[in-house]
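Next up, structure32.cif (mmCIF, C-alpha atoms and all ligand atoms):
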```
data_upload
loop_
_atom_site.label_atom_id
_atom_site.label_comp_id
_atom_site.auth_asym_id
_atom_site.auth_seq_id
_atom_site.Cartn_x
_atom_site.Cartn_y
_atom_site.Cartn_z
CA MET T 1 85.62 106.19 81.40
CA THR T 2 87.60 103.21 80.15
CA ASN T 3 88.13 100.11 82.20
CA SER T 4 91.81 100.78 82.67
CA MET T 5 91.05 104.26 84.04
CA VAL T 6 88.73 102.73 86.60
CA MET T 7 91.40 100.15 87.49
CA ASN T 8 94.02 102.86 87.88
CA GLN T 9 91.97 104.68 90.47
CA LYS T 10 91.82 101.65 92.71
CA LYS T 11 94.19 101.35 95.64
CA ARG T 12 96.67 98.58 95.10
CA ILE T 13 97.32 95.61 97.34
CA LEU T 14 100.39 93.41 97.00
CA SER T 15 101.51 90.18 98.60
CA GLY T 16 103.40 87.00 97.92
CA ILE T 17 104.33 83.52 99.11
CA THR T 18 107.74 81.87 98.90
CA PRO T 19 107.72 78.34 97.45
CA SER T 20 110.31 77.19 99.97
CA GLY T 21 108.25 74.15 100.92
CA SER T 22 106.03 72.12 98.70
CA SER T 23 102.64 73.04 100.07
CA LEU T 24 100.77 75.66 102.09
CA HIS T 25 99.58 75.08 105.66
CA ILE T 26 96.65 76.46 107.63
CA GLY T 27 98.88 79.17 109.16
CA ASN T 28 99.55 80.53 105.65
CA TYR T 29 95.88 80.30 104.86
CA PHE T 30 94.35 82.03 107.88
CA GLY T 31 97.22 84.47 108.40
CA ALA T 32 97.63 85.61 104.80
CA VAL T 33 95.75 83.89 101.98
CA LYS T 34 92.24 84.29 103.38
CA PRO T 35 92.64 88.04 103.98
CA GLN T 36 94.19 88.35 100.52
CA ILE T 37 91.16 86.70 98.95
CA GLU T 38 88.83 89.00 100.86
CA LEU T 39 90.72 92.00 99.46
CA GLN T 40 90.57 90.55 95.94
CA ASP T 41 86.79 90.46 96.28
CA ASN T 42 86.62 94.09 97.47
CA PRO T 43 86.01 96.39 94.49
CA GLU T 44 87.94 99.23 96.14
CA TYR T 45 91.22 97.44 95.52
CA GLN T 46 93.28 96.09 92.71
CA THR T 47 95.21 93.11 94.02
CA TYR T 48 98.61 91.77 92.96
CA TYR T 49 99.61 88.34 94.29
CA PHE T 50 102.68 86.42 93.33
CA VAL T 51 104.79 83.35 93.97
CA ALA T 52 108.17 84.61 95.19
CA ASP T 53 110.24 82.05 93.32
CA LEU T 54 113.45 84.12 93.33
CA HIS T 55 113.26 84.26 97.12
CA ALA T 56 113.09 80.45 97.32
CA LEU T 57 116.63 80.20 95.95
CA THR T 58 117.96 81.22 99.35
CA THR T 59 117.09 77.72 100.61
CA VAL T 60 116.04 75.53 97.67
CA GLN T 61 119.03 74.86 95.46
CA ASP T 62 117.85 71.76 93.67
CA GLN T 63 116.33 72.38 90.23
CA THR T 64 113.71 69.61 90.33
CA GLN T 65 112.69 70.48 93.86
CA LEU T 66 112.30 74.18 93.09
CA GLU T 67 110.24 73.51 89.96
CA GLU T 68 108.02 71.18 91.94
CA ASN T 69 107.60 73.63 94.84
CA ILE T 70 106.62 76.44 92.48
CA LYS T 71 104.08 74.25 90.74
CA GLN T 72 102.53 73.12 94.02
CA VAL T 73 102.31 76.61 95.52
CA VAL T 74 100.75 78.02 92.34
CA LEU T 75 98.10 75.27 92.47
CA ASP T 76 97.55 75.76 96.21
CA TYR T 77 97.09 79.51 95.83
CA LEU T 78 94.60 79.11 92.97
CA GLY T 79 92.84 76.21 94.67
CA LEU T 80 92.32 78.31 97.80
CA GLY T 81 90.49 80.92 95.79
CA LEU T 82 92.77 83.39 94.05
CA ASP T 83 90.71 84.37 91.06
CA PRO T 84 92.68 85.53 88.02
CA ALA T 85 89.58 87.36 86.84
CA LYS T 86 89.79 89.56 89.92
CA CYS T 87 93.48 89.70 90.84
CA ILE T 88 96.77 89.79 88.99
CA PHE T 89 98.57 86.55 89.76
CA PHE T 90 102.12 85.89 88.59
CA ARG T 91 105.55 84.47 89.28
CA GLN T 92 108.15 86.92 90.55
CA SER T 93 110.87 85.69 88.18
CA GLN T 94 108.60 86.42 85.20
CA VAL T 95 108.56 90.12 86.05
CA PRO T 96 112.22 91.08 85.77
CA ALA T 97 111.60 94.63 86.97
CA HIS T 98 111.49 93.32 90.58
CA ALA T 99 115.12 92.23 90.42
CA GLN T 100 116.17 95.34 88.50
CA LEU T 101 114.65 97.70 91.04
CA ALA T 102 116.20 95.70 93.90
CA VAL T 103 119.67 96.50 92.55
CA ILE T 104 118.88 100.20 92.76
CA LEU T 105 117.11 100.10 96.14
CA GLY T 106 120.04 98.41 97.87
CA ASN T 107 121.66 101.84 97.86
CA TYR T 108 119.07 103.34 100.18
CA ILE T 109 119.44 101.01 103.13
CA SER T 110 122.41 100.53 105.42
CA TYR T 111 124.33 97.41 106.32
CA GLY T 112 123.42 98.10 109.98
CA GLN T 113 119.70 97.92 109.23
CA MET T 114 120.10 94.76 107.18
CA LYS T 115 122.04 93.09 109.97
CA ARG T 116 119.08 93.54 112.29
CA MET T 117 116.64 91.62 110.09
CA HIS T 118 115.14 88.53 111.75
CA ALA T 119 115.76 86.01 108.97
CA PHE T 120 119.47 86.76 109.04
CA LYS T 121 119.67 86.84 112.84
CA ASP T 122 117.72 83.56 113.10
CA LYS T 123 120.28 81.86 110.87
CA LEU T 124 123.10 82.98 113.13
CA GLN T 125 121.17 81.85 116.18
CA LYS T 126 120.83 78.41 114.64
CA GLY T 127 124.60 78.24 114.69
CA VAL T 128 125.26 79.06 111.02
CA GLU T 129 128.61 80.84 110.61
CA VAL T 130 128.14 84.46 109.57
CA GLU T 131 130.78 84.01 106.87
CA SER T 132 128.73 81.29 105.19
CA VAL T 133 125.34 83.04 105.09
CA ASN T 134 124.48 83.39 101.42
CA MET T 135 124.02 86.91 100.10
CA GLY T 136 120.61 86.02 98.68
CA LEU T 137 119.41 85.46 102.23
CA PHE T 138 121.13 88.58 103.55
CA ASN T 139 119.68 90.70 100.72
CA TYR T 140 116.26 89.06 100.85
CA PRO T 141 114.58 92.09 102.49
CA ILE T 142 115.83 94.38 99.71
CA LEU T 143 114.29 92.17 97.03
CA MET T 144 111.13 92.06 99.11
CA ALA T 145 111.12 95.87 99.43
CA SER T 146 111.39 96.00 95.66
CA ASP T 147 108.53 93.46 95.25
CA ILE T 148 106.39 95.81 97.28
CA LEU T 149 107.45 99.30 96.27
CA ILE T 150 107.36 98.57 92.55
CA TYR T 151 103.54 98.43 92.70
CA LYS T 152 103.20 101.52 94.95
CA PRO T 153 100.63 99.58 96.97
CA PHE T 154 98.45 100.99 99.67
CA GLY T 155 98.73 97.80 101.74
CA VAL T 156 100.53 94.50 102.13
CA PRO T 157 98.42 91.72 103.71
CA VAL T 158 100.80 89.31 105.47
CA GLY T 159 101.29 87.42 108.70
CA GLU T 160 103.05 88.93 111.71
CA ASP T 161 106.41 87.36 110.78
CA GLN T 162 106.60 89.62 107.73
CA ARG T 163 106.01 92.88 109.61
CA GLN T 164 109.69 93.69 109.89
CA HIS T 165 110.12 93.23 106.13
CA VAL T 166 107.26 95.60 105.32
CA GLU T 167 108.74 98.09 107.76
CA LEU T 168 112.07 97.84 105.99
CA ALA T 169 110.32 98.54 102.69
CA ARG T 170 108.90 101.69 104.30
CA ASP T 171 112.37 102.70 105.48
CA VAL T 172 113.81 102.20 101.99
CA ALA T 173 111.00 104.27 100.45
CA GLU T 174 111.38 107.02 103.04
CA ASN T 175 115.12 107.22 102.53
CA PHE T 176 114.74 107.24 98.76
CA ASN T 177 112.09 109.98 98.88
CA ARG T 178 114.18 112.06 101.29
CA THR T 179 117.31 111.73 99.18
CA TYR T 180 115.58 112.98 96.01
CA LYS T 181 113.02 115.28 97.67
CA THR T 182 110.23 113.36 96.02
CA GLU T 183 107.14 111.35 96.94
CA LEU T 184 107.71 108.85 94.20
CA LEU T 185 107.55 105.79 96.46
CA PRO T 186 104.47 105.81 98.76
CA LEU T 187 104.92 104.09 102.12
CA PRO T 188 102.99 100.78 102.22
CA GLU T 189 100.86 99.76 105.21
CA PRO T 190 101.38 96.31 106.72
CA LEU T 191 97.89 94.73 106.87
CA ILE T 192 98.23 92.16 109.64
CA SER T 193 95.40 90.51 111.54
CA LYS T 194 95.71 90.88 115.30
CA GLU T 195 94.07 87.54 116.02
CA LYS T 196 95.21 85.53 113.01
CA GLY T 197 98.55 87.06 112.10
CA LYS T 198 100.44 84.41 114.04
CA ILE T 199 98.80 80.99 114.06
CA VAL T 200 100.42 78.71 116.60
CA GLY T 201 101.94 75.40 115.49
CA THR T 202 100.89 71.93 116.63
CA ASP T 203 103.68 72.03 119.23
CA GLY T 204 101.59 74.68 120.99
CA ARG T 205 104.61 76.93 121.46
CA ARG T 206 105.96 78.35 118.24
CA LYS T 207 104.51 79.90 115.11
CA MET T 208 103.25 77.29 112.66
CA SER T 209 106.03 76.87 110.15
CA LYS T 210 107.09 74.28 107.63
CA SER T 211 110.71 74.41 108.79
CA LEU T 212 109.66 73.62 112.38
CA GLY T 213 107.58 70.59 111.35
CA ASN T 214 104.59 71.81 113.39
CA THR T 215 102.09 72.37 110.60
CA ILE T 216 98.66 71.18 109.61
CA GLY T 217 98.53 70.88 105.85
CA ILE T 218 95.67 71.73 103.53
CA PHE T 219 96.13 69.65 100.41
CA GLU T 220 98.19 66.69 101.60
CA ASP T 221 96.74 63.17 101.78
CA TYR T 222 94.37 62.81 104.70
CA ASP T 223 96.62 60.12 106.19
CA LEU T 224 99.19 62.81 106.84
CA ILE T 225 96.76 65.54 107.92
CA GLU T 226 95.16 63.10 110.38
CA LYS T 227 98.57 62.34 111.82
CA GLN T 228 99.33 66.03 112.16
CA ILE T 229 96.05 66.68 113.96
CA MET T 230 96.22 63.60 116.18
CA GLY T 231 99.76 64.56 117.21
CA CYS T 232 98.73 68.05 118.17
CA TYR T 233 99.59 69.40 121.63
CA THR T 234 96.55 70.07 123.83
CA ASP T 235 96.37 70.86 127.56
CA PRO T 236 99.55 69.42 129.13
CA ASN T 237 98.04 69.39 132.63
CA ARG T 238 95.22 67.11 131.66
CA VAL T 239 96.16 63.49 132.18
CA LYS T 240 92.82 61.71 131.85
CA ALA T 241 89.73 62.54 129.79
CA THR T 242 87.88 63.01 133.06
CA ASP T 243 90.21 65.82 134.21
CA PRO T 244 88.75 69.29 133.58
CA GLY T 245 90.72 70.83 130.67
CA LYS T 246 91.70 74.27 129.46
CA VAL T 247 90.15 75.60 126.27
CA ALA T 248 91.74 79.06 126.10
CA GLY T 249 95.09 78.90 124.33
CA ASN T 250 94.67 75.18 123.59
CA PRO T 251 95.82 74.75 119.96
CA VAL T 252 93.18 72.14 119.15
CA PHE T 253 90.49 74.63 120.08
CA ILE T 254 92.28 77.47 118.30
CA TYR T 255 92.07 75.35 115.13
CA HIS T 256 88.44 74.44 115.82
CA ASP T 257 87.63 78.15 116.08
CA LEU T 258 89.23 78.72 112.69
CA ILE T 259 87.95 75.70 110.81
CA ASN T 260 84.83 74.26 112.39
CA GLN T 261 81.72 75.88 111.02
CA ASN T 262 79.38 73.94 113.28
CA GLN T 263 78.95 76.40 116.16
CA ALA T 264 76.72 74.10 118.21
CA GLU T 265 79.22 71.24 118.04
CA MET T 266 82.04 73.53 119.08
CA ALA T 267 80.14 74.99 122.02
CA ASP T 268 79.30 71.45 123.18
CA LEU T 269 82.93 70.28 122.85
CA LYS T 270 84.24 73.26 124.76
CA LYS T 271 81.70 72.83 127.53
CA ARG T 272 82.46 69.13 127.93
CA TYR T 273 86.22 69.74 127.76
CA LEU T 274 86.07 72.25 130.59
CA LEU T 275 84.12 69.75 132.69
CA GLY T 276 86.30 66.77 131.86
CA GLN T 277 83.58 65.01 129.88
CA VAL T 278 85.33 64.53 126.56
CA GLY T 279 88.65 63.01 125.53
CA ASP T 280 91.29 64.67 123.34
CA VAL T 281 90.75 61.97 120.72
CA GLU T 282 87.14 62.92 120.12
CA VAL T 283 88.01 66.63 119.93
CA LYS T 284 90.71 65.85 117.38
CA GLN T 285 88.53 63.52 115.34
CA LYS T 286 85.92 66.25 115.10
CA LEU T 287 88.66 68.63 113.98
CA ILE T 288 89.65 66.22 111.19
CA LEU T 289 86.04 66.11 110.00
CA ALA T 290 85.76 69.89 110.16
CA HIS T 291 89.01 70.22 108.16
CA LYS T 292 87.62 67.89 105.49
CA GLN T 293 84.50 69.99 105.19
CA PHE T 294 86.20 73.35 105.30
CA PHE T 295 88.75 72.59 102.59
CA ALA T 296 86.64 70.27 100.40
CA GLN T 297 85.93 72.96 97.82
CA ALA T 298 89.56 74.12 97.66
CA ARG T 299 90.77 70.55 97.23
CA ALA T 300 88.29 69.93 94.43
CA LYS T 301 89.24 73.18 92.71
CA ARG T 302 92.91 72.35 92.97
CA GLN T 303 92.30 68.89 91.57
CA GLU T 304 90.53 70.46 88.59
CA LEU T 305 93.52 72.71 87.96
CA VAL T 306 95.95 69.79 88.10
CA GLN T 307 94.13 68.49 85.01
CA GLN T 308 94.55 71.84 83.21
CA PRO T 309 98.27 72.67 83.24
CA ASP T 310 98.00 74.79 80.09
CA GLN T 311 95.39 76.98 81.70
CA VAL T 312 97.61 77.50 84.73
CA VAL T 313 100.53 78.49 82.49
CA ALA T 314 98.25 80.93 80.66
CA ILE T 315 97.03 82.49 83.92
CA LEU T 316 100.61 83.10 85.02
CA ALA T 317 101.66 84.48 81.63
CA ASP T 318 98.75 86.90 81.57
CA GLY T 319 99.42 87.94 85.17
CA ALA T 320 103.10 88.54 84.46
CA LYS T 321 102.26 90.72 81.48
CA ARG T 322 99.88 92.87 83.48
CA ALA T 323 102.23 93.09 86.46
CA GLN T 324 105.20 93.96 84.27
CA ALA T 325 103.25 96.87 82.75
CA VAL T 326 102.92 98.49 86.18
CA ALA T 327 106.34 97.40 87.43
CA SER T 328 108.27 98.69 84.43
CA GLN T 329 106.53 102.05 84.75
CA THR T 330 107.74 102.44 88.36
CA LEU T 331 111.19 101.21 87.41
CA ARG T 332 111.37 103.83 84.70
CA GLU T 333 110.28 106.59 87.09
CA VAL T 334 112.92 105.51 89.62
CA MET T 335 115.64 105.34 86.96
CA GLU T 336 114.71 108.81 85.77
CA GLN T 337 114.69 110.13 89.32
CA VAL T 338 118.16 108.84 90.16
CA GLY T 339 119.66 109.98 86.86
CA LEU T 340 119.94 106.77 84.90
CA ILE T 341 117.89 107.90 81.91
CA ASN T 342 119.10 110.76 79.81
P1 LIG T 401 105.99 82.95 103.48
O1 LIG T 401 106.00 82.22 102.19
O2 LIG T 401 106.91 82.49 104.55
O3 LIG T 401 104.54 82.97 104.07
C1 LIG T 401 103.41 83.30 103.29
C2 LIG T 401 102.45 84.10 104.13
O4 LIG T 401 101.96 83.31 105.20
C3 LIG T 401 102.12 84.01 106.43
N1 LIG T 401 102.33 83.03 107.51
C4 LIG T 401 101.62 82.98 108.64
N2 LIG T 401 100.60 83.73 109.07
C5 LIG T 401 100.08 83.42 110.27
N3 LIG T 401 100.53 82.39 111.04
C6 LIG T 401 101.54 81.62 110.64
N4 LIG T 401 101.95 80.61 111.41
C7 LIG T 401 102.14 81.89 109.38
N5 LIG T 401 103.16 81.34 108.69
C8 LIG T 401 103.27 82.05 107.55
C9 LIG T 401 103.34 84.89 106.20
O5 LIG T 401 103.40 85.95 107.11
C10 LIG T 401 103.12 85.33 104.78
O6 LIG T 401 102.24 86.44 104.72
N6 LIG T 401 108.82 86.90 102.45
C11 LIG T 401 107.49 86.37 102.25
C12 LIG T 401 107.09 86.31 100.77
C13 LIG T 401 107.24 87.62 100.06
C14 LIG T 401 106.37 88.74 100.19
C15 LIG T 401 106.92 89.74 99.31
C16 LIG T 401 105.22 88.98 100.93
C17 LIG T 401 108.22 87.94 99.18
N7 LIG T 401 108.04 89.22 98.73
C18 LIG T 401 106.30 90.99 99.20
C19 LIG T 401 104.62 90.25 100.81
C20 LIG T 401 105.18 91.24 99.96
C21 LIG T 401 107.47 84.93 102.79
O7 LIG T 401 108.46 84.25 102.74
O8 LIG T 401 106.26 84.51 103.21
#
```
What is this structure when it is put down as structure tokens?
Ligand code: TYM
Amino acid sequence: MTNSMVMNQKKRILSGITPSGSSLHIGNYFGAVKPQIELQDNPEYQTYYFVADLHALTTVQDQTQLEENIKQVVLDYLGLGLDPAKCIFFRQSQVPAHAQLAVILGNYISYGQMKRMHAFKDKLQKGVEVESVNMGLFNYPILMASDILIYKPFGVPVGEDQRQHVELARDVAENFNRTYKTELLPLPEPLISKEKGKIVGTDGRRKMSKSLGNTIGIFEDYDLIEKQIMGCYTDPNRVKATDPGKVAGNPVFIYHDLINQNQAEMADLKKRYLLGQVGDVEVKQKLILAHKQFFAQARAKRQELVQQPDQVVAILADGAKRAQAVASQTLREVMEQVGLIN
């Protein structure tokens, strides 16, 4: 059996990240990137991961900024452990079949369904006039459905905030299949962690998100990361370090549980916190140290890659070529099915 035959038998996994900000945060990492890396290491799957640069145009409309964001997110993703020897890693815009399929798929979803999508509704809630919402943002879920369906993946590992998008992709596929009495587009499964699919932000209330300014970074200077951690919300009812505190649901301890690999230290901190025998400052300082340890390898790897821009370009070019081979095959099948090839 040839290698490609073995590869073809593997179930596919697909996911992506939008370079809308310049760098990834720990919510991205624990909610999405870490599970993606675990799947890349599982020989049952063939994994496709990409930087959704076309999607970023909905909010980033400055050439220099977009180029910079893409570069940073590519480095972050590789630094965190995407391994081009194991997964297919590429930029969305370098695989034109995504955009081509999106034009076709828009015909299998209604305006009513699109209007109910969160990203669009959130914009309106923020007071943006419906008339001024750009069509890239409105159509975003169709392009995302195309990103997914074009690889006929078994699963899509993402955070909870992307569930609705994966469900829309399923609706598009179902409608397409029903229309043509075919099973050409398999329905993808959202792969979302129950515990880590929605990491809370440092405000202790909302999902960690760049646009809300409640993140803890991964690759930023430690001056900034320290500020982010020291400014983190804890137990609002605890006034003095000698007041007994709450551990459950306390963001600082949620982050400790994710990052701190020293179990004994964590157990001790939690015990003392509950009894009012430790101050927030000490808990946060220990979190900073744990962060430094946890991400040291990723930061070193990323730093190495910064010195090898040609290698990064080559990784993306190779990934795009391999992704395009699969994507153009699906595109062709869809075009044939709808009657565009004769
Ligand atoms: P994006 O770039 O906003 O986020 C990247 C991934 O990080 C997850 N995530 C979180 N998980 C847990 N807790 C959080 N606080 C948190 N914040 C972000 C997101 O759920 C996501 O998995 N539309 C997508 C990119 C995309 C895509 C695709 C994904 C485009 N096409 C096709 C999968 C399949 C996005 O903007 O994710």
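Between CA of Gln36 in chain T and CA of Gln164 in chain T there is a distance of 18.9 Å.
The residue that comes closest to ligand LIG 401 (chain T), out of T:Gln100, T:Gln9, T:Ser146, T:Asn107 and on the basis of all atoms listed in the file, is T:Ser146.
Each of T:Ala314, T:Ile150, T:Val200, T:Leu101 was compared to ligand LIG 401 (chain T) using only C-alpha atoms and all ligand atoms, and T:Val200 turns out to be the nearest.
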task: Output the neighbourhood of ligand LIG 401 (chain T) as a PyMOL selection string, that is, all protein and nucleic acid residues with some atom at most 6 Å from the ligand, counting only C-alpha atoms and all ligand atoms.
output: chain T and resi 15-18+27-28+31-32+52+144+147-148+158-162+196-200+207-209
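CA of Leu80 in chain T sits 5.0 Å away from CA of Ala298 in chain T.
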query: Tyr45 in chain T: which residues within 10 Å, counting all atoms listed in the file, same-chain residues fewer than 4 positions away excluded, as an MDAnalysis selection string?
result: chainID T and resid 7:13 39:41 86:87 153:155
Could you take the residues named above and write them with C-alpha atoms, as a PDB file, in the coordinates of the input?
```pdb
ATOM      1  CA  MET T   7      91.400 100.150  87.490  1.00  0.00           C
ATOM      2  CA  ASN T   8      94.020 102.860  87.880  1.00  0.00           C
ATOM      3  CA  GLN T   9      91.970 104.680  90.470  1.00  0.00           C
ATOM      4  CA  LYS T  10      91.820 101.650  92.710  1.00  0.00           C
ATOM      5  CA  LYS T  11      94.190 101.350  95.640  1.00  0.00           C
ATOM      6  CA  ARG T  12      96.670  98.580  95.100  1.00  0.00           C
ATOM      7  CA  ILE T  13      97.320  95.610  97.340  1.00  0.00           C
ATOM      8  CA  LEU T  39      90.720  92.000  99.460  1.00  0.00           C
ATOM      9  CA  GLN T  40      90.570  90.550  95.940  1.00  0.00           C
ATOM     10  CA  ASP T  41      86.790  90.460  96.280  1.00  0.00           C
ATOM     11  CA  LYS T  86      89.790  89.560  89.920  1.00  0.00           C
ATOM     12  CA  CYS T  87      93.480  89.700  90.840  1.00  0.00           C
ATOM     13  CA  PRO T 153     100.630  99.580  96.970  1.00  0.00           C
ATOM     14  CA  PHE T 154      98.450 100.990  99.670  1.00  0.00           C
ATOM     15  CA  GLY T 155      98.730  97.800 101.740  1.00  0.00           C
TER      16      GLY T 155
END
```
message: Could you list, as a VMD selection string, every residue within 10 Å of Leu105 in chain T, counting all atoms listed in the file and ignoring same-chain residues fewer than 4 positions away?
response: chain T and resid 99 to 101 109 142 to 143 145 to 146 149 169 172 to 173 175 to 176 334
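Across T:Ser23, T:Asn42, T:Ser193, T:Asn237, the tightest approach to Asp221 in chain T is made by T:Ser23 when counting only C-alpha atoms.
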message: Need the shell around Thr242 in chain T: protein/DNA/RNA residues with any atom at most 6 Å away, counting only C-alpha atoms. Skip same-chain ones fewer than 2 positions apart. Format as a PyMOL selection string?
response: chain T and resi 240+276-277
- line: One residue among T:Phe120, T:Phe90, T:Phe138, T:Phe253 is nearest to Gly106 in chain T when using all atoms listed in the file, and that residue is T:Phe138
message: To one decimal place in Å, what is the distance between CA of Leu82 in chain T and CA of Asp223 in chain T?
response: 26.5 Å
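Proximity to Phe219 in chain T was assessed for T:Lys321, T:His291, T:His118, T:Arg332 counting all atoms listed in the file; the smallest distance is recorded for T:His291.
Compared by their closest atoms to Gln297 in chain T, and using only C-alpha atoms, the residues T:Lys246, T:Thr234, T:Ile218, T:Gly204 rank with T:Ile218 nearest.
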message: I'd like the contact shell of Asn250 in chain T - 12 Å cut-off, all atoms listed in the file, skipping same-chain residues fewer than 5 positions apart - returned as a ChimeraX atom specification.
response: /T:199-205,232-238,245,255-257,270,273-274,280,283-284
Closest pair table for range 217-335 of chain T residues within 10 Å of range 60-73 of chain T, all atoms listed in the file, as JSON lines:
```
{"residue": "T:Phe219", "atom": "CA", "partner": "T:Gln72", "partner_atom": "CA", "distance": 9.7}
{"residue": "T:Arg302", "atom": "CA", "partner": "T:Gln72", "partner_atom": "CA", "distance": 9.7}
{"residue": "T:Val306", "atom": "CA", "partner": "T:Gln72", "partner_atom": "CA", "distance": 9.5}
{"residue": "T:Pro309", "atom": "CA", "partner": "T:Lys71", "partner_atom": "CA", "distance": 9.6}
{"residue": "T:Val312", "atom": "CA", "partner": "T:Lys71", "partner_atom": "CA", "distance": 9.4}
{"residue": "T:Val313", "atom": "CA", "partner": "T:Lys71", "partner_atom": "CA", "distance": 9.9}
```
